[in-house]
>>> print(open('protein-v3.tsv').read())   # TSV, C-alpha atoms
chain	number	residue	atom	x	y	z
P	16	MET	CA	6.35	-11.10	1.31
P	17	ALA	CA	8.80	-8.67	2.92
P	18	MET	CA	7.22	-5.59	1.34
P	19	PRO	CA	7.84	-2.67	1.67
P	20	ALA	CA	11.47	-3.73	2.26
P	21	PRO	CA	13.46	-3.95	-1.00
P	22	ASP	CA	14.48	-7.58	-0.34
P	23	PHE	CA	13.06	-8.96	-3.60
P	24	SER	CA	14.69	-6.33	-5.80
P	25	LEU	CA	18.05	-6.70	-4.07
P	26	ARG	CA	18.05	-10.48	-4.34
P	27	LEU	CA	17.01	-10.29	-7.97
P	28	PHE	CA	20.45	-8.85	-8.75
P	29	LEU	CA	22.02	-12.07	-7.45
P	30	ILE	CA	20.14	-14.25	-9.94
P	31	PRO	CA	21.62	-14.63	-13.43
P	32	GLU	CA	19.65	-12.94	-16.20
P	33	ARG	CA	19.11	-16.20	-18.09
P	34	VAL	CA	17.33	-17.61	-15.03
P	35	GLN	CA	15.27	-14.43	-14.67
P	36	MET	CA	13.95	-14.98	-18.20
P	37	GLU	CA	12.19	-18.18	-17.11
P	38	GLU	CA	8.42	-17.87	-16.98
P	39	GLN	CA	8.13	-18.32	-13.20
P	40	PHE	CA	10.63	-15.54	-12.56
P	41	LYS	CA	8.91	-13.24	-15.02
P	42	THR	CA	5.65	-13.82	-13.15
P	43	LEU	CA	7.32	-13.04	-9.80
P	44	ILE	CA	8.79	-9.85	-11.22
P	45	VAL	CA	5.38	-8.75	-12.54
P	46	LEU	CA	3.74	-9.55	-9.18
P	47	SER	CA	6.42	-7.59	-7.35
P	48	HIS	CA	5.94	-4.62	-9.68
P	49	TYR	CA	2.18	-4.59	-9.05
P	50	LEU	CA	2.77	-4.56	-5.29
P	51	GLU	CA	5.43	-1.86	-5.43
P	52	THR	CA	3.10	0.39	-7.44
P	53	GLY	CA	0.03	-0.29	-5.30
P	54	ARG	CA	-1.87	-2.00	-8.12
P	55	PHE	CA	-3.41	-4.60	-5.86
P	56	ARG	CA	-6.32	-5.60	-8.08
P	57	GLN	CA	-3.92	-6.39	-10.93
P	58	PHE	CA	-1.71	-8.26	-8.46
P	59	TRP	CA	-4.56	-10.52	-7.37
P	60	ASP	CA	-5.66	-11.10	-10.97
P	61	GLU	CA	-2.14	-12.19	-11.93
P	62	ALA	CA	-1.71	-14.24	-8.74
P	63	THR	CA	-4.92	-16.12	-9.56
P	64	LYS	CA	-3.38	-17.17	-12.89
P	65	SER	CA	-0.27	-18.41	-11.06
P	66	ARG	CA	-1.79	-20.29	-8.12
P	67	HIS	CA	1.09	-22.80	-8.08
P	68	ILE	CA	3.50	-20.02	-7.10
P	69	VAL	CA	1.24	-18.45	-4.48
P	70	GLU	CA	0.32	-21.77	-2.89
P	71	ALA	CA	3.97	-22.81	-2.60
P	72	VAL	CA	4.58	-20.16	0.08
P	73	PRO	CA	2.70	-20.60	3.37
P	74	GLY	CA	1.07	-17.38	4.56
P	75	PHE	CA	1.62	-15.62	1.23
P	76	GLU	CA	-1.92	-14.29	0.81
P	77	GLN	CA	-2.13	-13.06	4.41
P	78	ALA	CA	1.23	-11.28	4.10
P	79	ILE	CA	0.11	-9.51	0.93
P	80	GLN	CA	-3.21	-8.54	2.51
P	81	THR	CA	-1.33	-7.12	5.50
P	82	TYR	CA	0.92	-5.13	3.17
P	83	ALA	CA	-2.06	-3.82	1.18
P	84	ILE	CA	-3.80	-2.71	4.37
P	85	HIS	CA	-0.59	-0.99	5.46
P	86	VAL	CA	-0.35	0.93	2.18
P	87	LEU	CA	-4.04	1.85	2.23
P	88	SER	CA	-3.79	3.09	5.82
P	89	LEU	CA	-0.97	5.41	4.77
P	90	THR	CA	-2.99	6.71	1.84
P	91	TYR	CA	-6.62	6.92	2.90
P	92	GLN	CA	-8.54	8.51	5.75
P	93	LYS	CA	-11.73	6.95	4.40
P	94	ILE	CA	-11.74	4.14	1.90
P	95	PRO	CA	-14.67	2.90	-0.18
P	96	ARG	CA	-15.60	-0.69	0.55
P	97	PRO	CA	-15.03	-1.86	-3.07
P	98	VAL	CA	-11.51	-0.38	-3.13
P	99	LEU	CA	-10.62	-2.19	0.10
P	100	ALA	CA	-12.22	-5.43	-1.12
P	101	GLY	CA	-10.21	-5.31	-4.35
P	102	ALA	CA	-6.96	-4.51	-2.58
P	103	ILE	CA	-7.17	-7.40	-0.14
P	104	ASN	CA	-9.04	-9.80	-2.43
P	105	ILE	CA	-11.87	-10.49	0.01
P	106	ASP	CA	-15.57	-9.96	-0.59
P	107	GLY	CA	-19.02	-11.01	0.58
P	108	LEU	CA	-19.44	-12.50	4.04
P	109	SER	CA	-15.67	-12.94	4.44
P	110	LEU	CA	-15.24	-9.19	3.99
P	111	ASP	CA	-18.03	-8.50	6.48
P	112	LYS	CA	-16.30	-10.69	9.09
P	113	PHE	CA	-12.95	-9.07	8.33
P	114	LEU	CA	-14.41	-5.57	8.75
P	115	GLU	CA	-16.06	-6.54	12.04
P	116	HIS	CA	-12.73	-7.86	13.30
P	117	GLN	CA	-10.87	-4.72	12.21
P	118	SER	CA	-13.44	-2.39	13.77
P	119	ALA	CA	-13.26	-4.30	17.06
P	120	ASN	CA	-9.46	-4.64	17.18
P	121	SER	CA	-7.85	-1.96	15.00
P	122	GLY	CA	-10.01	1.12	15.43
P	123	TRP	CA	-11.66	1.03	12.02
P	124	ILE	CA	-15.05	2.70	11.85
P	125	LEU	CA	-17.72	1.52	9.44
P	126	GLU	CA	-19.81	4.44	8.28
P	127	LYS	CA	-23.49	3.86	7.75
P	128	GLY	CA	-24.39	2.54	4.38
P	129	HIS	CA	-24.42	-0.88	2.89
P	130	GLY	CA	-22.64	-2.64	0.10
P	131	ARG	CA	-20.70	-0.66	-2.46
P	132	GLY	CA	-21.53	2.75	-0.97
P	133	GLN	CA	-20.07	2.04	2.45
P	134	LEU	CA	-16.99	3.93	3.60
P	135	ILE	CA	-14.46	2.62	6.10
P	136	VAL	CA	-12.76	5.23	8.29
P	137	LEU	CA	-9.18	4.23	9.00
P	138	PRO	CA	-7.30	5.29	12.14
P	139	ARG	CA	-5.38	8.54	11.87
P	140	ASN	CA	-1.64	8.46	11.39
P	141	GLU	CA	1.02	10.96	10.38
P	142	PHE	CA	0.64	10.04	6.70
P	143	ASN	CA	-3.11	9.92	6.16
P	144	HIS	CA	-3.74	12.97	8.32
P	145	PRO	CA	-0.75	15.29	8.01
P	146	GLU	CA	-0.63	18.38	10.15
P	147	LEU	CA	1.11	21.61	9.31
P	148	LYS	CA	4.02	22.13	11.66
P	149	LYS	CA	5.69	25.45	12.13
P	150	ILE	CA	9.38	25.20	12.80
P	151	ALA	CA	10.67	28.33	14.48
P	152	ALA	CA	14.31	27.70	13.58
P	153	ASP	CA	13.58	27.98	9.86
P	154	THR	CA	11.83	31.35	9.94
P	155	VAL	CA	13.52	34.51	8.77
P	156	PRO	CA	12.12	37.86	9.91
P	157	LEU	CA	10.61	39.93	7.11
P	158	GLU	CA	12.90	42.88	7.78
P	159	HIS	CA	15.93	40.70	6.96
P	160	ILE	CA	14.41	39.68	3.66
P	161	THR	CA	13.48	43.26	2.69
P	162	ARG	CA	17.13	44.31	3.11
P	163	ILE	CA	18.19	42.14	0.17
P	164	PHE	CA	15.55	43.44	-2.25
P	165	PRO	CA	17.58	46.51	-3.25
P	166	ILE	CA	20.59	44.29	-3.92
P	167	LEU	CA	18.54	42.03	-6.20
P	168	GLY	CA	17.63	45.13	-8.12
>>> encode(input="protein-v3.tsv", output="structure tokens")
Amino acid sequence: MAMPAPDFSLRLFLIPERVQMEEQFKTLIVLSHYLETGRFRQFWDEATKSRHIVEAVPGFEQAIQTYAIHVLSLTYQKIPRPVLAGAINIDGLSLDKFLEHQSANSGWILEKGHGRGQLIVLPRNEFNHPELKKIAADTVPLEHITRIFPILG
């Protein structure tokens, strides 16, 4: 639940390998791998098979949904509704309510369209909308570069 911090991976080194081979640990490792690689749909599919693990931790689903939204906001400027729904494991009326809440409180914009064709515009940030920055200290005048061409031969 501490993603993107490497807490799980670091603590895994403290657990003996024989314990890591137990089925519950294998499942946790697979779930962690899916999250680290942004494979949210696979994560939710596997988590559904292991409800006993997910339900044992209060706030687990909300924490994963928050992490997925964080990753998506770093990646997308506009995200298709089905991609978002799969990543946060919400659909139907629950997704509609969630999108209304996000548009009212987080600056999300719902483009016109309904159902699967709808796009959600996420707020700009330095990762999903990079800008070219010119750094004056790193520039070398062309005449300095042309002086070394004869040396290079």
>>> residues_around(input="protein-v3.tsv", residues="Ala83 in chain P", least_positions_apart="6", cutoff="10 Å", atoms="all atoms listed in the file", output="JSON, numbers by chain")
{"P": [18, 19, 50, 53, 54, 55, 77, 89, 99, 101, 102, 103, 104]}
>>> atom_distance(input="protein-v3.tsv", atom1="CA of Leu114 in chain P", atom2="CA of Val69 in chain P")
24.2 Å
>>> closest_residue(input="protein-v3.tsv", among="P:Asp111, P:Leu125, P:Leu43, P:Val86", to="Arg66 in chain P", atoms="only C-alpha atoms")
P:Leu43
>>> atom_distance(input="protein-v3.tsv", atom1="CA of Ile124 in chain P", atom2="CA of Leu137 in chain P")
6.7 Å
>>> closest_residue(input="protein-v3.tsv", among="P:Ile68, P:Gln57, P:Phe23, P:Phe75", to="Glu38 in chain P", atoms="only C-alpha atoms")
P:Ile68
>>> atom_distance(input="protein-v3.tsv", atom1="CA of Ile79 in chain P", atom2="CA of Phe113 in chain P")
15.0 Å
>>> closest_residue(input="protein-v3.tsv", among="P:Ser24, P:Thr81, P:Asn140, P:Gln39", to="Gln117 in chain P", atoms="only C-alpha atoms")
P:Thr81
>>> closest_residue(input="protein-v3.tsv", among="P:Leu110, P:Ala62, P:Ile166, P:Ile105", to="Tyr49 in chain P", atoms="only C-alpha atoms")
P:Ala62
>>> build_atoms(input="protein-v3.tsv", residues="range 71-94 of chain P", atoms="N, CA, C and O atoms", output="compact mmCIF listing (two decimals), in the frame of the given file")
# COMPACT_ATOMS: atom_id res chain seq x y z
N ALA P 71 2.71 -22.22 -3.04
CA ALA P 71 3.97 -22.81 -2.60
C ALA P 71 4.54 -22.11 -1.36
O ALA P 71 5.41 -22.67 -0.69
N VAL P 72 4.06 -20.93 -1.06
CA VAL P 72 4.58 -20.16 0.08
C VAL P 72 3.51 -20.04 1.15
O VAL P 72 2.50 -19.34 0.94
N PRO P 73 3.69 -20.70 2.29
CA PRO P 73 2.70 -20.60 3.37
C PRO P 73 2.56 -19.16 3.87
O PRO P 73 3.56 -18.46 4.06
N GLY P 74 1.33 -18.71 4.05
CA GLY P 74 1.07 -17.38 4.56
C GLY P 74 1.22 -16.26 3.55
O GLY P 74 1.16 -15.08 3.91
N PHE P 75 1.39 -16.62 2.28
CA PHE P 75 1.62 -15.62 1.23
C PHE P 75 0.46 -14.64 1.12
O PHE P 75 0.66 -13.43 1.15
N GLU P 76 -0.75 -15.16 0.99
CA GLU P 76 -1.92 -14.29 0.81
C GLU P 76 -2.11 -13.36 2.00
O GLU P 76 -2.38 -12.17 1.83
N GLN P 77 -1.96 -13.88 3.21
CA GLN P 77 -2.13 -13.06 4.41
C GLN P 77 -1.06 -11.96 4.48
O GLN P 77 -1.37 -10.83 4.86
N ALA P 78 0.16 -12.29 4.08
CA ALA P 78 1.23 -11.28 4.10
C ALA P 78 0.93 -10.17 3.10
O ALA P 78 1.15 -8.98 3.39
N ILE P 79 0.42 -10.51 1.94
CA ILE P 79 0.11 -9.51 0.93
C ILE P 79 -1.08 -8.67 1.38
O ILE P 79 -1.10 -7.44 1.20
N GLN P 80 -2.06 -9.29 1.99
CA GLN P 80 -3.21 -8.54 2.51
C GLN P 80 -2.76 -7.57 3.59
O GLN P 80 -3.20 -6.42 3.61
N THR P 81 -1.86 -8.00 4.46
CA THR P 81 -1.33 -7.12 5.50
C THR P 81 -0.60 -5.94 4.88
O THR P 81 -0.75 -4.80 5.32
N TYR P 82 0.20 -6.20 3.85
CA TYR P 82 0.92 -5.13 3.17
C TYR P 82 -0.06 -4.15 2.51
O TYR P 82 0.10 -2.93 2.61
N ALA P 83 -1.08 -4.68 1.84
CA ALA P 83 -2.06 -3.82 1.18
C ALA P 83 -2.77 -2.93 2.19
O ALA P 83 -2.96 -1.73 1.96
N ILE P 84 -3.14 -3.50 3.32
CA ILE P 84 -3.80 -2.71 4.37
C ILE P 84 -2.85 -1.64 4.89
O ILE P 84 -3.26 -0.49 5.12
N HIS P 85 -1.59 -1.97 5.02
CA HIS P 85 -0.59 -0.99 5.46
C HIS P 85 -0.52 0.19 4.48
O HIS P 85 -0.57 1.35 4.88
N VAL P 86 -0.43 -0.12 3.20
CA VAL P 86 -0.35 0.93 2.18
C VAL P 86 -1.62 1.77 2.17
O VAL P 86 -1.56 3.01 2.12
N LEU P 87 -2.77 1.12 2.23
CA LEU P 87 -4.04 1.85 2.23
C LEU P 87 -4.17 2.75 3.45
O LEU P 87 -4.68 3.86 3.36
N SER P 88 -3.69 2.28 4.60
CA SER P 88 -3.79 3.09 5.82
C SER P 88 -2.88 4.31 5.76
O SER P 88 -3.13 5.30 6.44
N LEU P 89 -1.84 4.25 4.95
CA LEU P 89 -0.97 5.41 4.77
C LEU P 89 -1.56 6.40 3.79
O LEU P 89 -1.21 7.58 3.78
N THR P 90 -2.46 5.92 2.94
CA THR P 90 -2.99 6.71 1.84
C THR P 90 -4.36 7.30 2.12
O THR P 90 -4.63 8.43 1.76
N TYR P 91 -5.22 6.54 2.73
CA TYR P 91 -6.62 6.92 2.90
C TYR P 91 -6.97 7.28 4.34
O TYR P 91 -6.46 6.66 5.28
N GLN P 92 -7.85 8.26 4.48
CA GLN P 92 -8.54 8.51 5.75
C GLN P 92 -9.83 7.71 5.75
O GLN P 92 -10.21 7.13 6.76
N LYS P 93 -10.51 7.73 4.61
CA LYS P 93 -11.73 6.95 4.40
C LYS P 93 -11.55 6.21 3.09
O LYS P 93 -11.13 6.79 2.10
N ILE P 94 -11.91 4.94 3.11
CA ILE P 94 -11.74 4.14 1.90
C ILE P 94 -13.07 3.49 1.52
O ILE P 94 -13.76 2.95 2.38
